[in-house]
Amino acid sequence: MIQRTSAFLPPTPQFCQENQPRLSRMVLALSLALSAPLMAFADELTQATANKGELPEVVVTGVSGNEPSTEKTGAYTARKSNSATKLDLSLRQTPQSVSVVTRAKMDDFKQVNVNDVLANTTGVSVEKVETDRTYYMARGFDITNFQYDSVGLPFTSGNVAGDIDTAIYDRVDIVRGANGLMSATGNPSATVNFIRKRPVYQLQAFAGLTLGSWNTRRLDADVSGALNAAGTVAGRIVVAKQAGDSYLDRYSPEKTVVYGVIEANLGEATVLSVGHSHQKSDAKGGMWGALPLYYTDGSPTNYRTSTSTAADWSRWLTQDDRSFVELSHQLNNDWQIKTTLSRNRSTGDSKLFYVYGTPDSKTGLGLYSYPSLYNDVNTQTLFDLSATGKFTLAGRKHDLSFGINWSKSKMDDISHYGVGIGTALPDISNWTGNYPQPAFDAYTEGSAYEDTRKTAFIASRFNLADQFKLILGANHTKADSSGYAYGVSSQKNASKTTPYLGVIYDLTPYASVYASHTEIFNPQSEVDVSGNTLDPVKGKGDEVGVKVELFDRKLNLSAAVFKIQQNNAAEQAGYIGTKSYYRGIDAQSQGFELDASGELAKGWNLSAGYTQLSLKGSNDQDVKTYVPRKLFRLSTTYQLPFMPQAKVGGSLNWQSDTFRDEGSGNIIRQGSYATLNLMARYDVNQNLSISANLNNVSDQKYLTSLYWSQGYYAAPRNGSVTVNWKY
């Protein structure tokens with residue numbers, strides 16, 4: 001559950017000078033508000049007449065306890081989200097920054113993976129360090145918490161491997177700041193909560209075929225409906241298949257997604273849901289590490305956008321399987337109990353080729369090989385039990401949520417290093433990837449560790465007055481780890497109670513001001529110069545803001561200022577013999593955010609946000625200079641009034657300049673840049689539509705990240721055409 005640095009990251013400085021920097025840890029943040037999708041569109045039961053051959057009307061009073069769906073609403077915002085507190089609150093009444101990415105926005109802009117979603121979300125930067133591995137940042141710190149229907153664990157290694165597809169999700173909630181109430185352990189950055197699609201009881205079907213640049217093909221299918229004559233059981237199956245080439249030399253990614261879920265009303269007040277998702281990604285020619293960014297004379301490299309360091313035999317296969325069982329019971333009109341049992345298994349199987357060194361500006365020589373074969377298996381078991389409802393005190397009704405959570409995560413991995421490490425390579429400017437596949441038996445290293453987490457939480461919203469609400473909460477978590485990771489002990493034990501405090505004051509029925517204080521912690525296994533394990537990282541966030549609902553709550557506006565502190569994050573301080581020792585360092589982030597999402601006018605949807613922050617270390621010096629200090633996100637669509645079958649739109653993303661100081665006068669820079677994407681859709685009839693998307697319209701050339709001392713270029717101008725059919 002605690003993020004680690006594994007040897008599956010690019011090799012250590014023994015063979016290369018860069019990668020996987022241990023940042024002076026850092027942090028700060030909190031921010032603004034949100035937009036969130038959905039108008040309560042709850043799955044409705046089938047109703048029809050028998051003479052039409054349809055199912056008879058059935059009234060089922062059981063409540064699934066799942067978030068309302070954003071499908072079919074066409075909205076770019078939501079009225080409610082419980083991702084921050086487990087309480088069923090509107091976005092305006094949530095005293096923390098929350099963004100919701102709806103199904104409509106994902107479909108309009110063909111956001112078929114999590115990178116696309118988060119790269120267009122207020123306050124989030126996507127650090128694509130390699131073709132198949134990514135870090136995410138918010139308010140200056142790594143996002144390590146991904147949840148599925150509000151249940152999840154921090155990343156095992158701090159990043160995402162593979163390409164998480166979005167076909168199976170109804171919406172994505174992003175809670176920014178120190179979300180210790182719901183996430184327990186992690187960084188004071190953000191929590192990303194994926195809300196899965198659920199069955200509907202009236203038959204619906206969807207199919208889509210997409211053809212895109214570089215021979216990319218994608219097929220989507222989604223069918224849902226009642227499974228019995230009584231209409232008390234419904235099912236849904238979602239399938240997606242994507243394959244093609246790439247703008248990068250030798251890179252051909254492919255993935256298959258299958259998701260199935262059944263929902264059964266066991267009585268008037270009890271609903272059972274059982275589901276399983278499977279994603280298999282097979283990336284041929286993927287990069288491990290990336291391009292060198294400067295020459296020996298300190299001048300910046302400037303390769304072709306398509307340049308890759310992958311060998312022609314490189315391959316990265318990942319597979320993710322998630323099974324879950326949920327039981328929800330409505331005790332009365334006010335109280336509901338929900339329990340979830342989840343079992344996840346992720347595997348990786350790869351043959352990779354890393355390139356290290358610093359090339360000569362005239363010859364391009366000075367780079368060397370580092371081949372490796374890698375296998376890993378990560379299994380997670382999670383149990384969550386919670387109750388949510390209302391109680392009466394002093395003549396007023398108040399909200400209460402409490403529960404327990406238990407999880408266990410096991411990680412086993414092994415690296416088989418190839419013969420021939422250190423072989424000199426030709427200039428990679430026009431390299432074809434021709435490198436003989438070696439035997440992977442030079443030596444091996446690996447990991448075997450287990451994380452266990454036990455959590456109890458409680459949160460209550462006190463209705464002190466018609467205009468004044470107070471939210472108090474606490475999370476107590478005990479985290480234990482055992483095992484080793486590449487020769488380093490993973491032993492750690494820590495427990496902590498983190499508080500949650502929020503106040504909301506309604507200026508009008510549609511506008512509120514709020515303030516909140518949140519905390520989070522993260523155990524560490526690194527040791528100091530005396531051999532003692534460092535105390536846990538502690539993060540806290542303070543946020544003050546205003547939120548406004550307009551146009552019958554179809555548009556959400558917010559503005560916030562935030563300050564985040566992270567203390568005692570491990571930073572490498574030196575060596576005793578061959579073993580590293582660390583020190584704890586502090587960092588602080590502060591800034592402000594503006595956010596808007598929803599419907600500005602009939603047929604005009606918008607999602608926009610601006611973030612500006614500073615990020616300082618304990619010495620008041622700038623840290624993590626690869627994190628953009630300013631971010632602007634804008635996505636908008638408009639349904640033409642003179643041609644209601646047509647919708648047009650665009651998205652604009654801009655970020656300020658970033659840099660890395662490599663020492664010895666070598667500074668890597670990425671100037672500020674903006675990318676523009678366009679979309680158009682035409683509904684031929686109520687069943688058939690055609691859409692087109694054009695990305696990076698101005699054909700900007702820029703590096704995807706400076707998180708590491710290597711990088712590669714983002715995709716040039718590209719497009720796709722999709723034919724959709726629905727019933």
# chains A, B, ... in the order shown; residues from 1 in each chain; ligands from 1
>>> closest_atom_pairs(of="region 141-204 of chain A", to="region 482-494 of chain A", cutoff="12 Å", atoms="only C-alpha atoms", output="JSON lines")
{"residue": "A:Thr156", "atom": "CA", "partner": "A:Ala485", "partner_atom": "CA", "distance": 11.4}
{"residue": "A:Ser157", "atom": "CA", "partner": "A:Ala485", "partner_atom": "CA", "distance": 10.7}
{"residue": "A:Ala184", "atom": "CA", "partner": "A:Ala494", "partner_atom": "CA", "distance": 11.9}
{"residue": "A:Thr185", "atom": "CA", "partner": "A:Ala494", "partner_atom": "CA", "distance": 10.5}
>>> write_last_selection(atoms="C-alpha atoms", output="mmCIF file, in the first residue's frame")
data_model
loop_
_atom_site.group_PDB
_atom_site.id
_atom_site.type_symbol
_atom_site.label_atom_id
_atom_site.label_comp_id
_atom_site.auth_asym_id
_atom_site.auth_seq_id
_atom_site.Cartn_x
_atom_site.Cartn_y
_atom_site.Cartn_z
ATOM 1 C CA THR A 156 2.248 -0.477 -5.085
ATOM 2 C CA SER A 157 5.071 1.415 -6.812
ATOM 3 C CA ALA A 184 -6.289 6.635 4.902
ATOM 4 C CA THR A 185 -2.690 6.580 3.604
#
>>> residues_around(residues="Ser314 (chain A)", least_positions_apart="3", cutoff="12 Å", atoms="only C-alpha atoms", output="CSV table (one decimal) with N, CA and C atoms, in the first residue's frame")
chain,number,residue,atom,x,y,z
A,131,THR,N,6.3,5.0,-22.4
A,131,THR,CA,5.1,4.8,-23.2
A,131,THR,C,4.0,4.0,-22.4
A,249,ASP,N,8.4,5.1,-33.4
A,249,ASP,CA,9.0,4.0,-34.1
A,249,ASP,C,8.9,2.6,-33.3
A,250,ARG,N,8.4,1.6,-34.0
A,250,ARG,CA,8.4,0.2,-33.5
A,250,ARG,C,7.3,0.0,-32.4
A,251,TYR,N,6.5,1.0,-32.1
A,251,TYR,CA,5.5,0.9,-31.0
A,251,TYR,C,4.2,0.6,-31.5
A,252,SER,N,3.6,-0.6,-31.0
A,252,SER,CA,2.3,-1.0,-31.5
A,252,SER,C,1.5,-1.5,-30.2
A,253,PRO,N,0.7,-0.6,-29.6
A,253,PRO,CA,-0.1,-1.0,-28.4
A,253,PRO,C,-1.4,-1.7,-28.8
A,282,ASP,N,-1.1,-5.3,-24.4
A,282,ASP,CA,0.1,-5.9,-25.0
A,282,ASP,C,0.7,-4.8,-25.8
A,283,ALA,N,1.8,-4.2,-25.3
A,283,ALA,CA,2.5,-3.1,-26.0
A,283,ALA,C,3.8,-3.7,-26.6
A,284,LYS,N,3.8,-3.8,-27.9
A,284,LYS,CA,5.1,-4.2,-28.6
A,284,LYS,C,5.9,-2.9,-28.9
A,285,GLY,N,7.2,-3.0,-28.6
A,285,GLY,CA,8.1,-1.9,-28.9
A,285,GLY,C,8.0,-0.7,-27.9
A,286,GLY,N,7.5,-1.0,-26.7
A,286,GLY,CA,7.3,0.1,-25.7
A,286,GLY,C,8.7,0.5,-25.1
A,287,MET,N,8.8,1.7,-24.7
A,287,MET,CA,10.1,2.2,-24.1
A,287,MET,C,10.1,1.9,-22.6
A,288,TRP,N,11.3,1.5,-22.2
A,288,TRP,CA,11.7,1.5,-20.8
A,288,TRP,C,12.7,2.6,-20.6
A,308,SER,N,12.6,6.5,-30.8
A,308,SER,CA,12.3,5.6,-29.7
A,308,SER,C,13.6,4.9,-29.3
A,309,THR,N,13.8,4.5,-28.1
A,309,THR,CA,14.9,3.8,-27.6
A,309,THR,C,14.7,2.3,-27.5
A,310,ALA,N,13.5,1.9,-27.9
A,310,ALA,CA,13.1,0.4,-27.7
A,310,ALA,C,13.8,-0.4,-28.8
A,311,ALA,N,14.1,-1.6,-28.3
A,311,ALA,CA,14.7,-2.6,-29.3
A,311,ALA,C,13.5,-3.2,-30.1
A,317,LEU,N,3.6,-6.6,-21.5
A,317,LEU,CA,2.3,-7.2,-21.3
A,317,LEU,C,1.8,-7.0,-19.9
A,349,ASP,N,4.5,-8.8,-17.5
A,349,ASP,CA,5.4,-9.7,-18.2
A,349,ASP,C,6.1,-8.9,-19.3
A,350,SER,N,7.4,-8.7,-19.1
A,350,SER,CA,8.0,-7.8,-20.1
A,350,SER,C,9.4,-8.1,-20.5
A,351,LYS,N,9.8,-7.8,-21.7
A,351,LYS,CA,11.2,-7.8,-22.1
A,351,LYS,C,11.5,-6.4,-22.6
A,352,LEU,N,12.4,-5.7,-21.9
A,352,LEU,CA,12.6,-4.3,-22.1
A,352,LEU,C,14.1,-3.9,-22.3
A,353,PHE,N,14.2,-2.8,-23.0
A,353,PHE,CA,15.6,-2.3,-23.3
A,353,PHE,C,15.7,-0.9,-22.9
A,354,TYR,N,16.6,-0.7,-22.0
A,354,TYR,CA,16.9,0.7,-21.5
A,354,TYR,C,18.2,1.2,-22.1
A,371,PRO,N,19.5,-4.3,-21.1
A,371,PRO,CA,18.3,-5.1,-21.4
A,371,PRO,C,17.9,-5.9,-20.1
A,372,SER,N,16.6,-6.1,-20.0
A,372,SER,CA,16.1,-6.8,-18.8
A,372,SER,C,14.7,-7.5,-19.1
A,373,LEU,N,14.5,-8.6,-18.4
A,373,LEU,CA,13.2,-9.2,-18.4
A,373,LEU,C,12.6,-9.2,-17.1
A,374,TYR,N,11.3,-8.8,-17.0
A,374,TYR,CA,10.7,-8.6,-15.7
A,374,TYR,C,9.3,-9.2,-15.6
A,433,GLY,N,16.4,0.0,-33.9
A,433,GLY,CA,16.0,-1.0,-32.8
A,433,GLY,C,16.7,-2.3,-33.0
A,434,ASN,N,17.6,-2.4,-33.9
A,434,ASN,CA,18.3,-3.7,-34.2
A,434,ASN,C,19.3,-4.0,-33.2
A,435,TYR,N,19.0,-4.8,-32.2
A,435,TYR,CA,19.9,-5.2,-31.1
A,435,TYR,C,19.6,-6.6,-30.8
A,436,PRO,N,20.5,-7.5,-30.9
A,436,PRO,CA,20.2,-9.0,-30.7
A,436,PRO,C,19.6,-9.2,-29.3
A,437,GLN,N,18.6,-10.0,-29.3
A,437,GLN,CA,18.0,-10.3,-28.0
A,437,GLN,C,18.9,-11.2,-27.2
A,438,PRO,N,19.3,-10.7,-26.0
A,438,PRO,CA,20.3,-11.5,-25.2
A,438,PRO,C,19.6,-12.6,-24.4
>>> closest_residue(among="A:Gln279, A:Ser698, A:Thr191, A:Thr166", to="Asn115 (chain A)", atoms="only C-alpha atoms")
A:Thr166
>>> select_by_dssp(residues="region 421-663 of chain A", states="strand (DSSP E)", output="PyMOL selection string")
chain A and resi 443-463+468-485+488-489+492-508+511-522+537-550+555-576+579-601+604-617+630-639+646-655+658-661
>>> atom_distance(atom1="CA of Gly123 (chain A)", atom2="CA of Asn179 (chain A)")
15.3 Å
